[in-house]
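A short write-up of the structure that comes next.
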Amino acid sequence: MSHQRLSMLISGKVQGVYYRASAAEKAKELGITGYARNLPDGRVKVVAEGSQAALISLRQWCNSGPPAAEVDTVNATEGPATGEFAGFEIR
């Protein structure tokens, strides 16, 4: 099973609404490693590594996020996994 890397920049009302914590829960549920981080411009960055199917599920979840979030856009780029993450963390 080959792992992929998915980097996403999520914009909208995504800070202060438990977006990172909810994303981390979802990633752990899907067996994905990586991190979620708030950016100074109000966006959230999610870098995730896992199977193609798991990453598709995470991306679909990121399109809406947790109930309090209002996601405008998700800009995603894919690439090969680096294997650098032991788990999924909030940064």
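Naming works like this for the structure tokens: A, B, ... for the chains as they're shown, residue 1 at the start of each chain, ligands 1 onward in shown order.
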
Contacts of range 86-90 of chain A within 6 Å, only C-alpha atoms, excl. fewer than 2 positions in-chain, as a PyMOL selection string: chain A and resi 33-36

Set the distance at 10 Å and use only C-alpha atoms: which residues neighbour Arg59 in chain A once local chain neighbours fewer than 2 positions away are removed? I'd like the list as a PDB file with N, CA and C atoms, in the first residue's frame.
ATOM      1  N   LEU A   6      -0.743  14.831   1.398  1.00  0.00           N
ATOM      2  CA  LEU A   6      -1.719  15.826   0.985  1.00  0.00           C
ATOM      3  C   LEU A   6      -1.512  17.060   1.853  1.00  0.00           C
ATOM      4  N   SER A   7      -1.251  18.201   1.199  1.00  0.00           N
ATOM      5  CA  SER A   7      -1.108  19.476   1.925  1.00  0.00           C
ATOM      6  C   SER A   7      -2.307  20.336   1.565  1.00  0.00           C
ATOM      7  N   MET A   8      -2.997  20.838   2.586  1.00  0.00           N
ATOM      8  CA  MET A   8      -4.199  21.635   2.349  1.00  0.00           C
ATOM      9  C   MET A   8      -4.127  22.965   3.086  1.00  0.00           C
ATOM     10  N   ALA A  23      -9.888  18.115  13.181  1.00  0.00           N
ATOM     11  CA  ALA A  23      -9.127  17.520  12.078  1.00  0.00           C
ATOM     12  C   ALA A  23      -8.194  16.435  12.606  1.00  0.00           C
ATOM     13  N   VAL A  46      -3.146  21.986   6.847  1.00  0.00           N
ATOM     14  CA  VAL A  46      -3.150  20.576   7.234  1.00  0.00           C
ATOM     15  C   VAL A  46      -2.207  19.839   6.292  1.00  0.00           C
ATOM     16  N   ALA A  48      -0.994  15.990   5.651  1.00  0.00           N
ATOM     17  CA  ALA A  48      -1.411  14.644   6.034  1.00  0.00           C
ATOM     18  C   ALA A  48      -0.753  13.600   5.143  1.00  0.00           C
ATOM     19  N   ALA A  53      -7.196   6.378  -0.044  1.00  0.00           N
ATOM     20  CA  ALA A  53      -8.597   6.364   0.420  1.00  0.00           C
ATOM     21  C   ALA A  53      -8.772   7.203   1.686  1.00  0.00           C
ATOM     22  N   ALA A  54      -7.822   7.080   2.621  1.00  0.00           N
ATOM     23  CA  ALA A  54      -7.914   7.836   3.873  1.00  0.00           C
ATOM     24  C   ALA A  54      -7.775   9.336   3.605  1.00  0.00           C
ATOM     25  N   LEU A  55      -6.870   9.699   2.693  1.00  0.00           N
ATOM     26  CA  LEU A  55      -6.671  11.118   2.376  1.00  0.00           C
ATOM     27  C   LEU A  55      -7.895  11.712   1.683  1.00  0.00           C
ATOM     28  N   ILE A  56      -8.550  10.920   0.839  1.00  0.00           N
ATOM     29  CA  ILE A  56      -9.785  11.384   0.187  1.00  0.00           C
ATOM     30  C   ILE A  56     -10.844  11.653   1.249  1.00  0.00           C
ATOM     31  N   SER A  57     -10.971  10.761   2.220  1.00  0.00           N
ATOM     32  CA  SER A  57     -11.941  10.948   3.304  1.00  0.00           C
ATOM     33  C   SER A  57     -11.629  12.200   4.117  1.00  0.00           C
ATOM     34  N   TRP A  61     -13.832  15.674   4.540  1.00  0.00           N
ATOM     35  CA  TRP A  61     -14.168  16.218   5.856  1.00  0.00           C
ATOM     36  C   TRP A  61     -13.727  17.684   5.950  1.00  0.00           C
ATOM     37  N   CYS A  62     -12.537  17.989   5.438  1.00  0.00           N
ATOM     38  CA  CYS A  62     -12.000  19.358   5.507  1.00  0.00           C
ATOM     39  C   CYS A  62     -12.852  20.363   4.735  1.00  0.00           C
ATOM     40  N   ASN A  63     -13.589  19.901   3.737  1.00  0.00           N
ATOM     41  CA  ASN A  63     -14.465  20.793   2.966  1.00  0.00           C
ATOM     42  C   ASN A  63     -15.567  21.402   3.819  1.00  0.00           C
ATOM     43  N   SER A  64     -15.955  20.730   4.902  1.00  0.00           N
ATOM     44  CA  SER A  64     -16.980  21.296   5.790  1.00  0.00           C
ATOM     45  C   SER A  64     -16.433  21.552   7.187  1.00  0.00           C
ATOM     46  N   GLY A  65     -15.523  20.680   7.664  1.00  0.00           N
ATOM     47  CA  GLY A  65     -14.929  20.866   8.980  1.00  0.00           C
ATOM     48  C   GLY A  65     -15.911  20.612  10.104  1.00  0.00           C
ATOM     49  N   VAL A  74     -10.656  25.073   0.019  1.00  0.00           N
ATOM     50  CA  VAL A  74      -9.600  24.140   0.401  1.00  0.00           C
ATOM     51  C   VAL A  74      -8.677  24.023  -0.806  1.00  0.00           C
ATOM     52  N   ALA A  76      -5.567  22.237  -2.208  1.00  0.00           N
ATOM     53  CA  ALA A  76      -4.829  21.024  -1.884  1.00  0.00           C
ATOM     54  C   ALA A  76      -3.772  20.704  -2.934  1.00  0.00           C
TER      55      ALA A  76
END

query: Pick from A:Gly79, A:Ser2, A:Leu30, A:Gln60: nearest to Val47 in chain A, with only C-alpha atoms counted?
result: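 Using only C-alpha atoms, the shortest distance to Val47 in chain A belongs to A:Gly79.
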
field: DSSP-assigned strand (DSSP E or B) members of chain A, reported as a PyMOL selection string
entry: chain A and resi 3-13+33-38+44-51+70-80+88-90

File of the preceding selection, C-alpha atoms, as a PDB file, in the first residue's frame:
ATOM      1  CA  HIS A   3       1.213   6.299   1.032  1.00  0.00           C
ATOM      2  CA  GLN A   4       0.639   9.772  -0.317  1.00  0.00           C
ATOM      3  CA  ARG A   5       1.066  13.263   1.125  1.00  0.00           C
ATOM      4  CA  LEU A   6      -1.719  15.826   0.985  1.00  0.00           C
ATOM      5  CA  SER A   7      -1.108  19.476   1.925  1.00  0.00           C
ATOM      6  CA  MET A   8      -4.199  21.635   2.349  1.00  0.00           C
ATOM      7  CA  LEU A   9      -4.737  25.329   3.035  1.00  0.00           C
ATOM      8  CA  ILE A  10      -8.236  25.856   4.402  1.00  0.00           C
ATOM      9  CA  SER A  11      -9.738  29.327   4.436  1.00  0.00           C
ATOM     10  CA  GLY A  12     -12.940  30.744   5.906  1.00  0.00           C
ATOM     11  CA  LYS A  13     -14.044  30.834   9.533  1.00  0.00           C
ATOM     12  CA  THR A  33      -0.173  11.090  10.208  1.00  0.00           C
ATOM     13  CA  GLY A  34       0.811  14.758   9.918  1.00  0.00           C
ATOM     14  CA  TYR A  35      -0.247  18.014  11.544  1.00  0.00           C
ATOM     15  CA  ALA A  36      -2.743  20.885  11.597  1.00  0.00           C
ATOM     16  CA  ARG A  37      -1.585  24.442  12.264  1.00  0.00           C
ATOM     17  CA  ASN A  38      -3.173  27.908  12.399  1.00  0.00           C
ATOM     18  CA  VAL A  44      -5.477  26.491   8.731  1.00  0.00           C
ATOM     19  CA  LYS A  45      -2.757  24.345   7.167  1.00  0.00           C
ATOM     20  CA  VAL A  46      -3.150  20.576   7.234  1.00  0.00           C
ATOM     21  CA  VAL A  47      -0.348  18.283   6.094  1.00  0.00           C
ATOM     22  CA  ALA A  48      -1.411  14.644   6.034  1.00  0.00           C
ATOM     23  CA  GLU A  49       0.141  11.351   4.998  1.00  0.00           C
ATOM     24  CA  GLY A  50      -1.698   8.086   4.543  1.00  0.00           C
ATOM     25  CA  SER A  51      -3.421   5.831   2.040  1.00  0.00           C
ATOM     26  CA  GLU A  70     -17.468  27.966   7.736  1.00  0.00           C
ATOM     27  CA  VAL A  71     -15.072  26.705   5.072  1.00  0.00           C
ATOM     28  CA  ASP A  72     -14.709  28.890   1.969  1.00  0.00           C
ATOM     29  CA  THR A  73     -11.954  27.103   0.080  1.00  0.00           C
ATOM     30  CA  VAL A  74      -9.600  24.140   0.401  1.00  0.00           C
ATOM     31  CA  ASN A  75      -6.466  24.431  -1.743  1.00  0.00           C
ATOM     32  CA  ALA A  76      -4.829  21.024  -1.884  1.00  0.00           C
ATOM     33  CA  THR A  77      -1.596  19.709  -3.365  1.00  0.00           C
ATOM     34  CA  GLU A  78      -0.545  16.064  -3.491  1.00  0.00           C
ATOM     35  CA  GLY A  79       2.846  14.446  -3.515  1.00  0.00           C
ATOM     36  CA  PRO A  80       4.815  11.439  -2.297  1.00  0.00           C
ATOM     37  CA  PHE A  88      -0.987  13.486  13.939  1.00  0.00           C
ATOM     38  CA  GLU A  89      -0.399  16.615  15.999  1.00  0.00           C
ATOM     39  CA  ILE A  90      -1.702  20.122  16.479  1.00  0.00           C
TER      40      ILE A  90
END

- prompt: So which residues of range 13-44 of chain A fall under helix (DSSP H, G or I) by DSSP, listed as a list of chain:residue names?
  reply: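 Result set for range 13-44 of chain A (helix (DSSP H, G or I)): A:Tyr19, A:Arg20, A:Ala21, A:Ser22, A:Ala23, A:Ala24, A:Glu25, A:Lys26, A:Ala27, A:Lys28, A:Glu29, A:Leu30.
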
- request: Can you pull out every residue within 10 Å of Tyr18 in chain A, counting only C-alpha atoms, but drop anything in the same chain fewer than 2 positions away, and send it as a ChimeraX atom specification?
  value: /A:14-16,20-24,65-69

message: For a test of reading the model, state the distance in Å between CA of Asp41 in chain A and CA of Phe85 in chain A, rounded to one decimal.
response: 25.0 Å

query: Do you have the CA of Pro40 in chain A-CA of Gln52 in chain A distance handy?
result: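 Separating CA of Pro40 in chain A from CA of Gln52 in chain A is a distance of 29.5 Å.
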